[in-house]
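**Q** Below: one structure in structure tokens.
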Amino acid sequence: MRKLKAALLSFAHVHASSYARVLKELENVDFVAIWDDNEARGKKAEEQYKVRYYRSLEDLFKLNRDLDFVIIASENAKHYELVKYSLENDVHVLVEKPFTTRLDHADELIRLSRNKGRYVGVCFVMRYHSAVLQAKGMVDKGEIGELVSITTTNHGTCPYKAAHWFVEPELSYGARIPLKPGDGRFRGGSVTDHTVHCADLLRWITGSEAYEVFAEVGENIRGDLEVEDNALILIKFRNGVQASIDCSWSRPEGVYPTWGDVNLYILGTGGVIELESFNQQISLASWTRGKLEYIYWGPDVDFIMIGDFAEAITSDREPRATAFDGRQASEIMLAAYESISTGKPVRLPLT
Amino acid sequence: MSEKVGVGVVGSGFMGTTHANAWRRVPYVNYLALCETLPQRLEKAKEIAFKLNAKLYTDYDKMLEDSNIHIVDICLPTPLHKTFAIKAMEAGKHVLLEKPIALRLKDAREIIDAAKKHGVKFMVAHVLRFFPEYARAKYLVEVGAIGEPRIARAYRYSSFPAWSVKGWYGEHRLSGGVLVDLAIHDYDFLRWVFMDEVDRVCALAPPPEKKVIKEITAVDHGIVLIKFRKGGIAYVMASWSYPQGYPFSTYLEIVGTKGILHVDNKSTAPLGVAKPNSYERQQVYPEDPYYLEILHFAEHVVKGVPLRVTAEDAYKALEIALAALKSALEGGAPVNLPLKEEVIP
């Protein structure tokens, strides 16, 4: 069978190096090109992965006519342009979350993807975690009865020391929009980064859409940020399930033994499922490193996700998390911002 | 050797079924057979064979005559290991054998010698080396994350399966009890991590009148101190004596000159499931460790990938196990290795 040719667009996101590793590891994929608008970063990647770096995106597509798909791991604000340009060049696209920070952008890309007959997948990597799959399977089989309420967390350290754009409103959110009246902060922090994984899992597990969102933001944990670094979100789903998301960057970077968590506590009429996805760790404390660390040994979700995306292309089917899923998760994120801004519950769909 | 192999699994108990299921998924396998010689298990075995599209044998010798079979996987009670393994080797079959290799050192040596004599591949199924968290712990030690290992603790404990009270596990002479059958996982793993041989073992087990499970003759709980030659030490606790309903649990910590690592299957289980009057934590492995073990042996046979568990590893693990049992039976007298005599006659 023909190998799929793939390119990685931008190493801005902290997940990019893992995606590059997977593109090298997958047996049915040829990792042929790298693009990055940061030349130093692109050249460094070229050297590390032995894959040609292109300074011009136009050249990349022109010189790789047989490219099958790209993975986009840029700053959030650049997703729209990069997805659009890639689709216009007739390749399939796997894009980092959040899909977009504007719904009109999402809608346009969904239309373009249909018109071009090219798939757009969103990196909702949790859909590939074996424990998540097991939990979803149990819910689907009715093993805990009817769903009632789901508490979720996607805690994290703040990634700004590895990639500062995560806390720059223009790059993380695409605009400088004040968080709420009388607050010096702007949209584009932990709500942008961390709402969508849980939002997506909630939609996937409940099989329902959100119809009302309420969110609170606290004063920042870190003193030096322009964007929010914490927030709590309540969601009502159309099928009656009530849910919450804690999307806070509430784990101290450099000190906390791991990057964070994705936890779901699912209450049904017949039982409870506690899902602590990243518990599969060895705890390691060493004098050399000067702290306690958790060494992850669970499923290689990036590998499984990208492998599945390649498989989706080969067998001409939608990826597990589609552009529409990306849009719907972004809508919950945007509704949370709206609620933070107005102090009131926000009805979906957003207009 | 060709890229495809045929496999015959012997025994349709829990382990035989687990192995047969795993073999079915191995890409190199083009033929699967299951052998069950006990009439009372035949119905169940038929069902499993049907599900897995495996040929069913009720006569082991007949299965060994089947030229489609290159590998025989023996999942039988320990006392049967020697006869079944050597017969398969004599028939020119490669052998995967459940742990422990045997209950007597002499038997273990005869099996190893037979594999050499007949030029077949042989591995004992010390599956712990294929559990991702234990394999990662070994890797971390190997890359120096905690420096030189100095002291380790390993626990492995559960309730005694009620269905097994009349089974062979409970018989001292058939299984060797918890210090042999269960704790051997950790002895083998610790030897692997310390990359050293055991110098001395000292163990305690409750005497018959103090046993939690009085119905069985086997040791049902034991604690073991192990001293390695280069100065490392380790503690092993193994138990079948926890209350009924207590989940199977394991714990490992290794302290080295530069740090410490912990592996705790309770705190690392990603799933908890609560229903009325029950709560359990579930480990969800990215890949079934039994499959990884079996795939490894298949790759050893087909491609010559070096064995992760050598025959000598299996022999040494048994020796540590027997030393622990001997020490416990003698009321905690330290026992030096190598062992000079058999412990289970």
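Following the order of the structure tokens, chains are lettered A, B, ..., residues in each are numbered from 1, and ligands are numbered from 1.
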Within 10 Å of chain B, which residues of chain A come that close, and what is the closest atom pair and distance in Å for each? Count only C-alpha atoms and give it as JSON lines.

**A**
{"residue": "A:His129", "atom": "CA", "partner": "B:Pro286", "partner_atom": "CA", "distance": 8.0}
{"residue": "A:Ser130", "atom": "CA", "partner": "B:Pro286", "partner_atom": "CA", "distance": 6.0}
{"residue": "A:Ala131", "atom": "CA", "partner": "B:Val284", "partner_atom": "CA", "distance": 5.5}
{"residue": "A:Val132", "atom": "CA", "partner": "B:Leu271", "partner_atom": "CA", "distance": 8.6}
{"residue": "A:Leu133", "atom": "CA", "partner": "B:Val284", "partner_atom": "CA", "distance": 9.7}
{"residue": "A:Gln134", "atom": "CA", "partner": "B:Val284", "partner_atom": "CA", "distance": 7.8}
{"residue": "A:Ala135", "atom": "CA", "partner": "B:Leu271", "partner_atom": "CA", "distance": 7.6}
{"residue": "A:Met138", "atom": "CA", "partner": "B:Val273", "partner_atom": "CA", "distance": 9.8}
{"residue": "A:Glu143", "atom": "CA", "partner": "B:Lys275", "partner_atom": "CA", "distance": 9.0}
{"residue": "A:Ile144", "atom": "CA", "partner": "B:Lys275", "partner_atom": "CA", "distance": 7.4}
{"residue": "A:Asn263", "atom": "CA", "partner": "B:Pro270", "partner_atom": "CA", "distance": 8.9}
{"residue": "A:Leu264", "atom": "CA", "partner": "B:Leu271", "partner_atom": "CA", "distance": 9.5}
{"residue": "A:Tyr265", "atom": "CA", "partner": "B:Gly272", "partner_atom": "CA", "distance": 9.1}
{"residue": "A:Ile266", "atom": "CA", "partner": "B:Val273", "partner_atom": "CA", "distance": 9.6}
{"residue": "A:Leu267", "atom": "CA", "partner": "B:Ala274", "partner_atom": "CA", "distance": 9.4}
{"residue": "A:Gly268", "atom": "CA", "partner": "B:Lys275", "partner_atom": "CA", "distance": 9.7}
{"residue": "A:Thr269", "atom": "CA", "partner": "B:Lys275", "partner_atom": "CA", "distance": 9.7}
{"residue": "A:Gly270", "atom": "CA", "partner": "B:Lys275", "partner_atom": "CA", "distance": 6.4}
{"residue": "A:Gly271", "atom": "CA", "partner": "B:Lys275", "partner_atom": "CA", "distance": 4.5}
{"residue": "A:Val272", "atom": "CA", "partner": "B:Ala274", "partner_atom": "CA", "distance": 4.9}
{"residue": "A:Ile273", "atom": "CA", "partner": "B:Val273", "partner_atom": "CA", "distance": 4.7}
{"residue": "A:Glu274", "atom": "CA", "partner": "B:Gly272", "partner_atom": "CA", "distance": 4.6}
{"residue": "A:Leu275", "atom": "CA", "partner": "B:Leu271", "partner_atom": "CA", "distance": 4.6}
{"residue": "A:Glu276", "atom": "CA", "partner": "B:Pro270", "partner_atom": "CA", "distance": 4.5}
{"residue": "A:Ser277", "atom": "CA", "partner": "B:Pro270", "partner_atom": "CA", "distance": 5.1}
{"residue": "A:Phe278", "atom": "CA", "partner": "B:Pro270", "partner_atom": "CA", "distance": 6.7}
{"residue": "A:Asn279", "atom": "CA", "partner": "B:Thr268", "partner_atom": "CA", "distance": 4.4}
{"residue": "A:Gln280", "atom": "CA", "partner": "B:Thr268", "partner_atom": "CA", "distance": 4.6}
{"residue": "A:Gln281", "atom": "CA", "partner": "B:Thr268", "partner_atom": "CA", "distance": 6.2}
{"residue": "A:Ile282", "atom": "CA", "partner": "B:Val263", "partner_atom": "CA", "distance": 5.1}
{"residue": "A:Ser283", "atom": "CA", "partner": "B:His262", "partner_atom": "CA", "distance": 5.1}
{"residue": "A:Leu284", "atom": "CA", "partner": "B:Leu261", "partner_atom": "CA", "distance": 4.2}
{"residue": "A:Ala285", "atom": "CA", "partner": "B:Ile260", "partner_atom": "CA", "distance": 5.2}
{"residue": "A:Ser286", "atom": "CA", "partner": "B:Gly259", "partner_atom": "CA", "distance": 3.7}
{"residue": "A:Trp287", "atom": "CA", "partner": "B:Lys258", "partner_atom": "CA", "distance": 5.6}
{"residue": "A:Thr288", "atom": "CA", "partner": "B:Lys258", "partner_atom": "CA", "distance": 6.4}
{"residue": "A:Arg289", "atom": "CA", "partner": "B:Gly259", "partner_atom": "CA", "distance": 8.9}
{"residue": "A:Gly290", "atom": "CA", "partner": "B:Gly259", "partner_atom": "CA", "distance": 9.4}
{"residue": "A:Lys291", "atom": "CA", "partner": "B:Gly259", "partner_atom": "CA", "distance": 9.6}
{"residue": "A:Leu292", "atom": "CA", "partner": "B:Ile260", "partner_atom": "CA", "distance": 9.1}
{"residue": "A:Glu293", "atom": "CA", "partner": "B:Leu261", "partner_atom": "CA", "distance": 9.1}
{"residue": "A:Tyr294", "atom": "CA", "partner": "B:Leu261", "partner_atom": "CA", "distance": 9.1}
{"residue": "A:Ile295", "atom": "CA", "partner": "B:Arg136", "partner_atom": "CA", "distance": 8.6}
{"residue": "A:Tyr296", "atom": "CA", "partner": "B:Glu133", "partner_atom": "CA", "distance": 8.7}
{"residue": "A:Trp297", "atom": "CA", "partner": "B:Glu133", "partner_atom": "CA", "distance": 6.0}
{"residue": "A:Gly298", "atom": "CA", "partner": "B:Pro286", "partner_atom": "CA", "distance": 6.1}
{"residue": "A:Pro299", "atom": "CA", "partner": "B:Pro286", "partner_atom": "CA", "distance": 4.6}
{"residue": "A:Asp300", "atom": "CA", "partner": "B:Pro286", "partner_atom": "CA", "distance": 7.7}
{"residue": "A:Val301", "atom": "CA", "partner": "B:Pro286", "partner_atom": "CA", "distance": 9.2}

**Q** Can you list, as a list of chain:residue names, every protein, DNA or RNA residue that comes within 12 Å of Lys62 (chain A) when you count only C-alpha atoms, leaving out same-chain residues fewer than 3 positions away?

**A**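 Using only C-alpha atoms, the neighbours found are A:Ala33, A:Tyr54, A:Ser56, A:Leu57, A:Glu58, A:Asp59, A:Arg65, A:Asp66, A:Leu67, A:Ser86, A:Asn89, A:Asp90.
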
**Q** Atoms to include: N, CA and C atoms. Write the selected residues as a PDB file, in the first residue's frame.

**A**
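And here is the file that came out, again_17.pdb:
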ATOM      1  N   ALA A  33       7.859  17.060   5.030  1.00  0.00           N
ATOM      2  CA  ALA A  33       8.091  18.507   5.030  1.00  0.00           C
ATOM      3  C   ALA A  33       7.700  19.155   6.341  1.00  0.00           C
ATOM      4  N   TYR A  54      10.718  24.231   5.012  1.00  0.00           N
ATOM      5  CA  TYR A  54      10.363  25.251   4.021  1.00  0.00           C
ATOM      6  C   TYR A  54      10.040  26.546   4.746  1.00  0.00           C
ATOM      7  N   SER A  56       8.780  29.050   3.027  1.00  0.00           N
ATOM      8  CA  SER A  56       7.553  29.510   2.383  1.00  0.00           C
ATOM      9  C   SER A  56       6.547  28.370   2.294  1.00  0.00           C
ATOM     10  N   LEU A  57       5.340  28.637   2.785  1.00  0.00           N
ATOM     11  CA  LEU A  57       4.291  27.626   2.765  1.00  0.00           C
ATOM     12  C   LEU A  57       3.893  27.314   1.321  1.00  0.00           C
ATOM     13  N   GLU A  58       3.919  28.364   0.492  1.00  0.00           N
ATOM     14  CA  GLU A  58       3.607  28.196  -0.931  1.00  0.00           C
ATOM     15  C   GLU A  58       4.563  27.176  -1.558  1.00  0.00           C
ATOM     16  N   ASP A  59       5.847  27.337  -1.281  1.00  0.00           N
ATOM     17  CA  ASP A  59       6.850  26.408  -1.812  1.00  0.00           C
ATOM     18  C   ASP A  59       6.594  24.991  -1.326  1.00  0.00           C
ATOM     19  N   ARG A  65       3.540  18.102  -4.388  1.00  0.00           N
ATOM     20  CA  ARG A  65       2.206  17.993  -5.001  1.00  0.00           C
ATOM     21  C   ARG A  65       1.447  16.774  -4.496  1.00  0.00           C
ATOM     22  N   ASP A  66       2.197  15.740  -4.089  1.00  0.00           N
ATOM     23  CA  ASP A  66       1.529  14.497  -3.671  1.00  0.00           C
ATOM     24  C   ASP A  66       1.332  14.412  -2.158  1.00  0.00           C
ATOM     25  N   LEU A  67       1.397  15.555  -1.512  1.00  0.00           N
ATOM     26  CA  LEU A  67       1.194  15.570  -0.060  1.00  0.00           C
ATOM     27  C   LEU A  67      -0.236  15.116   0.257  1.00  0.00           C
ATOM     28  N   SER A  86      -4.293  25.108   3.591  1.00  0.00           N
ATOM     29  CA  SER A  86      -4.026  23.685   3.354  1.00  0.00           C
ATOM     30  C   SER A  86      -5.162  23.042   2.568  1.00  0.00           C
ATOM     31  N   ASN A  89      -5.127  23.789  -0.920  1.00  0.00           N
ATOM     32  CA  ASN A  89      -4.104  23.003  -1.615  1.00  0.00           C
ATOM     33  C   ASN A  89      -4.415  21.507  -1.607  1.00  0.00           C
ATOM     34  N   ASP A  90      -5.675  21.201  -1.311  1.00  0.00           N
ATOM     35  CA  ASP A  90      -6.200  19.833  -1.466  1.00  0.00           C
ATOM     36  C   ASP A  90      -5.549  18.781  -0.574  1.00  0.00           C
TER      37      ASP A  90
END

**Q** Have a look at A:Gly121, A:Gly326, A:Gly42, A:Pro345 and name the one nearest to Ala215 (chain A); count only C-alpha atoms.

**A**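 Of A:Gly121, A:Gly326, A:Gly42, A:Pro345, the one nearest Ala215 (chain A), counting only C-alpha atoms, is A:Pro345.
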
**Q** I'd like to know which residues of region 7-126 of chain A are strand (DSSP E) (by DSSP, run on the backbone); could you write them as a list in words?

**A**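 For region 7-126 of chain A, the strand (DSSP E) set is Ala7, Leu8, Leu9, Val29, Asp30, Phe31, Val32, Ala33, Ile34, Trp35, Arg52, Tyr53, Tyr54, Phe69, Val70, Ile71, Ile72, His92, Val93, Leu94, Val95, Val120, Gly121 and Val122 of chain A.
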
**Q** Convert the current residue selection to file output with N, CA, C and O atoms, as an mmCIF file, in the first residue's frame.

**A**
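After the write, part37.cif holds the following:
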data_model
loop_
_atom_site.group_PDB
_atom_site.id
_atom_site.type_symbol
_atom_site.label_atom_id
_atom_site.label_comp_id
_atom_site.auth_asym_id
_atom_site.auth_seq_id
_atom_site.Cartn_x
_atom_site.Cartn_y
_atom_site.Cartn_z
ATOM 1 N N ALA A 7 3.093 16.542 6.236
ATOM 2 C CA ALA A 7 3.908 17.688 6.632
ATOM 3 C C ALA A 7 3.428 18.191 7.979
ATOM 4 O O ALA A 7 2.258 18.001 8.347
ATOM 5 N N LEU A 8 4.334 18.811 8.723
ATOM 6 C CA LEU A 8 3.967 19.418 9.999
ATOM 7 C C LEU A 8 4.133 20.916 9.859
ATOM 8 O O LEU A 8 5.220 21.406 9.506
ATOM 9 N N LEU A 9 3.034 21.635 10.086
ATOM 10 C CA LEU A 9 3.065 23.084 9.944
ATOM 11 C C LEU A 9 3.172 23.731 11.321
ATOM 12 O O LEU A 9 2.222 23.707 12.096
ATOM 13 N N VAL A 29 3.386 6.211 7.028
ATOM 14 C CA VAL A 29 3.461 7.652 6.779
ATOM 15 C C VAL A 29 4.896 8.064 6.467
ATOM 16 O O VAL A 29 5.835 7.623 7.131
ATOM 17 N N ASP A 30 5.034 8.887 5.426
ATOM 18 C CA ASP A 30 6.323 9.517 5.133
ATOM 19 C C ASP A 30 6.248 10.974 5.583
ATOM 20 O O ASP A 30 5.427 11.729 5.082
ATOM 21 N N PHE A 31 7.089 11.333 6.508
ATOM 22 C CA PHE A 31 7.132 12.709 7.024
ATOM 23 C C PHE A 31 8.066 13.483 6.100
ATOM 24 O O PHE A 31 9.272 13.339 6.171
ATOM 25 N N VAL A 32 7.503 14.295 5.177
ATOM 26 C CA VAL A 32 8.326 14.850 4.101
ATOM 27 C C VAL A 32 8.635 16.340 4.233
ATOM 28 O O VAL A 32 9.561 16.823 3.585
ATOM 29 N N ALA A 33 7.859 17.060 5.030
ATOM 30 C CA ALA A 33 8.091 18.507 5.030
ATOM 31 C C ALA A 33 7.700 19.155 6.341
ATOM 32 O O ALA A 33 6.788 18.703 7.035
ATOM 33 N N ILE A 34 8.450 20.230 6.645
ATOM 34 C CA ILE A 34 8.175 21.040 7.832
ATOM 35 C C ILE A 34 8.058 22.492 7.380
ATOM 36 O O ILE A 34 8.846 22.950 6.543
ATOM 37 N N TRP A 35 7.057 23.181 7.913
ATOM 38 C CA TRP A 35 6.997 24.627 7.705
ATOM 39 C C TRP A 35 6.903 25.286 9.070
ATOM 40 O O TRP A 35 6.267 24.756 9.988
ATOM 41 N N ARG A 52 12.853 18.010 5.468
ATOM 42 C CA ARG A 52 13.148 19.304 4.860
ATOM 43 C C ARG A 52 12.260 20.424 5.412
ATOM 44 O O ARG A 52 11.045 20.277 5.518
ATOM 45 N N TYR A 53 12.907 21.542 5.723
ATOM 46 C CA TYR A 53 12.196 22.719 6.226
ATOM 47 C C TYR A 53 11.933 23.688 5.085
ATOM 48 O O TYR A 53 12.814 23.946 4.257
ATOM 49 N N TYR A 54 10.718 24.231 5.012
ATOM 50 C CA TYR A 54 10.363 25.251 4.021
ATOM 51 C C TYR A 54 10.040 26.546 4.746
ATOM 52 O O TYR A 54 9.252 26.556 5.688
ATOM 53 N N PHE A 69 -1.519 14.801 3.813
ATOM 54 C CA PHE A 69 -2.111 15.551 4.930
ATOM 55 C C PHE A 69 -1.079 16.391 5.664
ATOM 56 O O PHE A 69 0.135 16.163 5.525
ATOM 57 N N VAL A 70 -1.597 17.386 6.378
ATOM 58 C CA VAL A 70 -0.731 18.201 7.238
ATOM 59 C C VAL A 70 -1.257 18.126 8.663
ATOM 60 O O VAL A 70 -2.449 17.918 8.891
ATOM 61 N N ILE A 71 -0.335 18.288 9.605
ATOM 62 C CA ILE A 71 -0.733 18.503 10.997
ATOM 63 C C ILE A 71 -0.370 19.947 11.321
ATOM 64 O O ILE A 71 0.754 20.393 11.030
ATOM 65 N N ILE A 72 -1.308 20.672 11.892
ATOM 66 C CA ILE A 72 -1.066 22.069 12.220
ATOM 67 C C ILE A 72 -0.914 22.213 13.730
ATOM 68 O O ILE A 72 -1.832 21.890 14.487
ATOM 69 N N HIS A 92 -5.636 16.827 3.383
ATOM 70 C CA HIS A 92 -6.384 16.628 4.622
ATOM 71 C C HIS A 92 -5.632 17.307 5.758
ATOM 72 O O HIS A 92 -4.416 17.472 5.700
ATOM 73 N N VAL A 93 -6.388 17.684 6.795
ATOM 74 C CA VAL A 93 -5.793 18.499 7.856
ATOM 75 C C VAL A 93 -6.127 17.938 9.238
ATOM 76 O O VAL A 93 -7.295 17.671 9.531
ATOM 77 N N LEU A 94 -5.101 17.776 10.038
ATOM 78 C CA LEU A 94 -5.312 17.487 11.460
ATOM 79 C C LEU A 94 -4.802 18.701 12.211
ATOM 80 O O LEU A 94 -3.626 19.059 12.092
ATOM 81 N N VAL A 95 -5.682 19.357 12.952
ATOM 82 C CA VAL A 95 -5.309 20.632 13.556
ATOM 83 C C VAL A 95 -5.399 20.557 15.084
ATOM 84 O O VAL A 95 -6.305 19.932 15.643
ATOM 85 N N VAL A 120 -11.063 17.281 7.793
ATOM 86 C CA VAL A 120 -10.411 18.059 8.836
ATOM 87 C C VAL A 120 -10.659 17.353 10.163
ATOM 88 O O VAL A 120 -11.807 17.114 10.537
ATOM 89 N N GLY A 121 -9.574 16.996 10.831
ATOM 90 C CA GLY A 121 -9.688 16.389 12.157
ATOM 91 C C GLY A 121 -9.135 17.368 13.191
ATOM 92 O O GLY A 121 -8.282 18.190 12.872
ATOM 93 N N VAL A 122 -9.661 17.278 14.403
ATOM 94 C CA VAL A 122 -9.170 18.138 15.486
ATOM 95 C C VAL A 122 -8.507 17.243 16.527
ATOM 96 O O VAL A 122 -8.993 16.154 16.823
#

**Q** Which distance in Å separates CA of Lys4 (chain B) and CA of Glu110 (chain B), to one decimal?

**A**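 If I compute the distance from CA of Lys4 (chain B) to CA of Glu110 (chain B), I get 29.2 Å.
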
**Q** Quick one: pull the distance between CA of Pro257 (chain A) and CA of Met333 (chain A), Å, one decimal.

**A**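 Those two atoms sit 27.5 Å apart.
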
**Q** Could you make a table, as a Markdown table, of the residues of region 266-324 of chain B that have an atom within 10 Å of an atom of region 330-335 of chain B, each with its nearest atom pair and distance in Å to one decimal, counting only C-alpha atoms, in chain and number order?

**A**
| residue | atom | partner | partner_atom | distance |
| --- | --- | --- | --- | --- |
| B:Ile320 | CA | B:Val335 | CA | 9.5 |
| B:Leu322 | CA | B:Val335 | CA | 9.7 |
| B:Ala323 | CA | B:Val335 | CA | 6.0 |
| B:Ala324 | CA | B:Val335 | CA | 7.6 |

**Q** Might you pull out every residue within 8 Å of His296 (chain B), with only C-alpha atoms counted and same-chain residues fewer than 4 positions away left off, and present them as a PyMOL selection string?

**A** chain B and resi 292+300+305+307

**Q** Which of these residues is nearest to Leu64 (chain B), using only C-alpha atoms: B:Lys51, B:Lys211, B:His81, B:Lys87?

**A**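 Checking each of B:Lys51, B:Lys211, B:His81, B:Lys87 against Leu64 (chain B), counting only C-alpha atoms, the winner is B:Lys87.
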
**Q** Taking 3 positions as the minimum chain separation for residues in the same chain, which residues sit within 12 Å of Glu226 (chain A) when counting only C-alpha atoms? Answer as number ranges by chain.

**A** A: 160, 164-170, 172-173, 176-179, 183-190, 219-223, 229

**Q** Hey, can you spit out that residue selection with C-alpha atoms as a CSV table (one decimal), in the first residue's frame?

**A**
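Okay, part_32.csv is ready:
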chain,number,residue,atom,x,y,z
A,160,TYR,CA,4.1,30.0,28.9
A,164,HIS,CA,5.0,32.3,25.6
A,165,TRP,CA,2.3,32.8,22.9
A,166,PHE,CA,-0.1,30.8,25.2
A,167,VAL,CA,-0.5,33.9,27.3
A,168,GLU,CA,-0.4,36.5,24.5
A,169,PRO,CA,-4.0,37.4,23.6
A,170,GLU,CA,-3.3,38.1,19.9
A,172,SER,CA,-3.7,32.5,21.7
A,173,TYR,CA,-7.1,34.1,21.0
A,176,ARG,CA,-7.4,41.6,22.4
A,177,ILE,CA,-10.8,41.2,24.0
A,178,PRO,CA,-11.2,42.4,27.6
A,179,LEU,CA,-12.1,39.5,29.8
A,183,ASP,CA,-10.7,43.8,34.6
A,184,GLY,CA,-7.3,44.4,33.1
A,185,ARG,CA,-7.1,40.9,31.6
A,186,PHE,CA,-7.9,39.7,28.1
A,187,ARG,CA,-9.3,36.5,26.7
A,188,GLY,CA,-6.9,33.8,25.6
A,189,GLY,CA,-5.7,32.1,28.8
A,190,SER,CA,-6.6,28.8,30.4
A,219,GLU,CA,-8.1,36.6,40.3
A,220,ASN,CA,-5.0,35.2,38.6
A,221,ILE,CA,-2.8,32.7,40.4
A,222,ARG,CA,0.3,34.1,38.5
A,223,GLY,CA,0.9,37.8,38.8
A,229,ASP,CA,-5.1,31.4,34.3

**Q** List as a list of chain:residue names the protein and nucleic acid residues near Phe214 (chain A), meaning an atom at most 12 Å away when only C-alpha atoms are counted, but skip any in the same chain fewer than 6 places from it.

**A**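 Here the qualifying residues turn out to be A:Ala231, A:Leu232, A:Ile233, A:Leu234, A:Ile235, A:Lys236, A:Gln242, A:Ala243, A:Ser244, A:Ile245, A:Ile332, A:Met333, A:Leu334, A:Ala335, A:Ala336, A:Tyr337, A:Glu338, A:Ser339, A:Ile340, A:Ser341, A:Thr342, A:Gly343, A:Lys344, A:Pro345, A:Val346, A:Arg347, A:Leu348.
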
**Q** For C-alpha atoms, I'd like the residues from the last selection saved as a short mmCIF file (atom, residue, chain, number, x, y, z; two decimals), in the first residue's frame.

**A**
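What ended up in out.cif:
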data_model
loop_
_atom_site.label_atom_id
_atom_site.label_comp_id
_atom_site.auth_asym_id
_atom_site.auth_seq_id
_atom_site.Cartn_x
_atom_site.Cartn_y
_atom_site.Cartn_z
CA ALA A 231 -11.90 29.46 35.57
CA LEU A 232 -14.78 27.18 36.50
CA ILE A 233 -17.57 26.34 34.10
CA LEU A 234 -21.06 24.84 34.53
CA ILE A 235 -22.85 23.33 31.54
CA LYS A 236 -26.40 22.11 31.01
CA GLN A 242 -25.39 18.66 34.16
CA ALA A 243 -21.66 19.08 33.94
CA SER A 244 -18.73 21.16 35.05
CA ILE A 245 -15.25 21.92 33.76
CA ILE A 332 -18.69 26.06 24.74
CA MET A 333 -15.36 27.84 25.31
CA LEU A 334 -16.71 31.05 23.74
CA ALA A 335 -19.92 30.79 25.77
CA ALA A 336 -17.79 30.53 28.91
CA TYR A 337 -16.03 33.78 27.99
CA GLU A 338 -19.38 35.38 27.25
CA SER A 339 -20.64 34.32 30.66
CA ILE A 340 -17.50 35.60 32.37
CA SER A 341 -18.02 38.90 30.61
CA THR A 342 -21.73 39.26 31.38
CA GLY A 343 -21.84 37.49 34.73
CA LYS A 344 -24.89 35.59 33.48
CA PRO A 345 -25.67 32.12 32.12
CA VAL A 346 -25.35 32.06 28.35
CA ARG A 347 -27.70 30.16 26.05
CA LEU A 348 -26.39 28.19 23.10
#

**Q** At what distance in Å, to one decimal, does CA of Ala77 (chain A) lie from CA of Ala20 (chain A)?

**A** 20.9 Å

**Q** Set the distance at 9 Å and use only C-alpha atoms: which residues neighbour Ile223 (chain B) once local chain neighbours fewer than 6 positions away are removed? I'd like the list as an MDAnalysis selection string.

**A** chainID B and resid 179 202:205 235:239 324 328

**Q** Quick one: write out the picked residues with C-alpha atoms as a PDB file, in the first residue's frame?

**A**
ATOM      1  CA  LEU B 179       5.908 -17.531  48.261  1.00  0.00           C
ATOM      2  CA  CYS B 202      15.122 -14.917  54.780  1.00  0.00           C
ATOM      3  CA  ALA B 203      11.356 -15.324  54.925  1.00  0.00           C
ATOM      4  CA  LEU B 204       8.493 -15.651  57.369  1.00  0.00           C
ATOM      5  CA  ALA B 205       5.075 -17.184  56.805  1.00  0.00           C
ATOM      6  CA  TYR B 235      11.546  -6.765  50.679  1.00  0.00           C
ATOM      7  CA  VAL B 236       8.773  -8.838  49.125  1.00  0.00           C
ATOM      8  CA  MET B 237       5.302  -9.304  50.543  1.00  0.00           C
ATOM      9  CA  ALA B 238       2.960 -11.765  48.865  1.00  0.00           C
ATOM     10  CA  SER B 239      -0.483 -12.720  50.054  1.00  0.00           C
ATOM     11  CA  ALA B 324      12.163 -18.154  50.482  1.00  0.00           C
ATOM     12  CA  ALA B 328       9.706 -19.734  55.889  1.00  0.00           C
TER      13      ALA B 328
END

**Q** List every residue of region 114-313 of chain B that DSSP, applied to the backbone of this structure, assigns to alpha helix (DSSP H), and report them as a ChimeraX atom specification.

**A** /B:114-118,132-142,172-175,178-181,184-194,289-303,311-313

**Q** I'd like the contact shell of Lys316 (chain B) - 9 Å cut-off, only C-alpha atoms, skipping same-chain residues fewer than 6 positions apart - returned as a list in words.

**A** Tyr187, Asp188, Arg191, Glu197, Val198 and Pro338 of chain B

**Q** Here is a test: counting only C-alpha atoms, which residue of B:Thr58, B:Thr250, B:Thr217, B:Gln244 is nearest to Ala183 (chain B)?

**A** B:Thr250
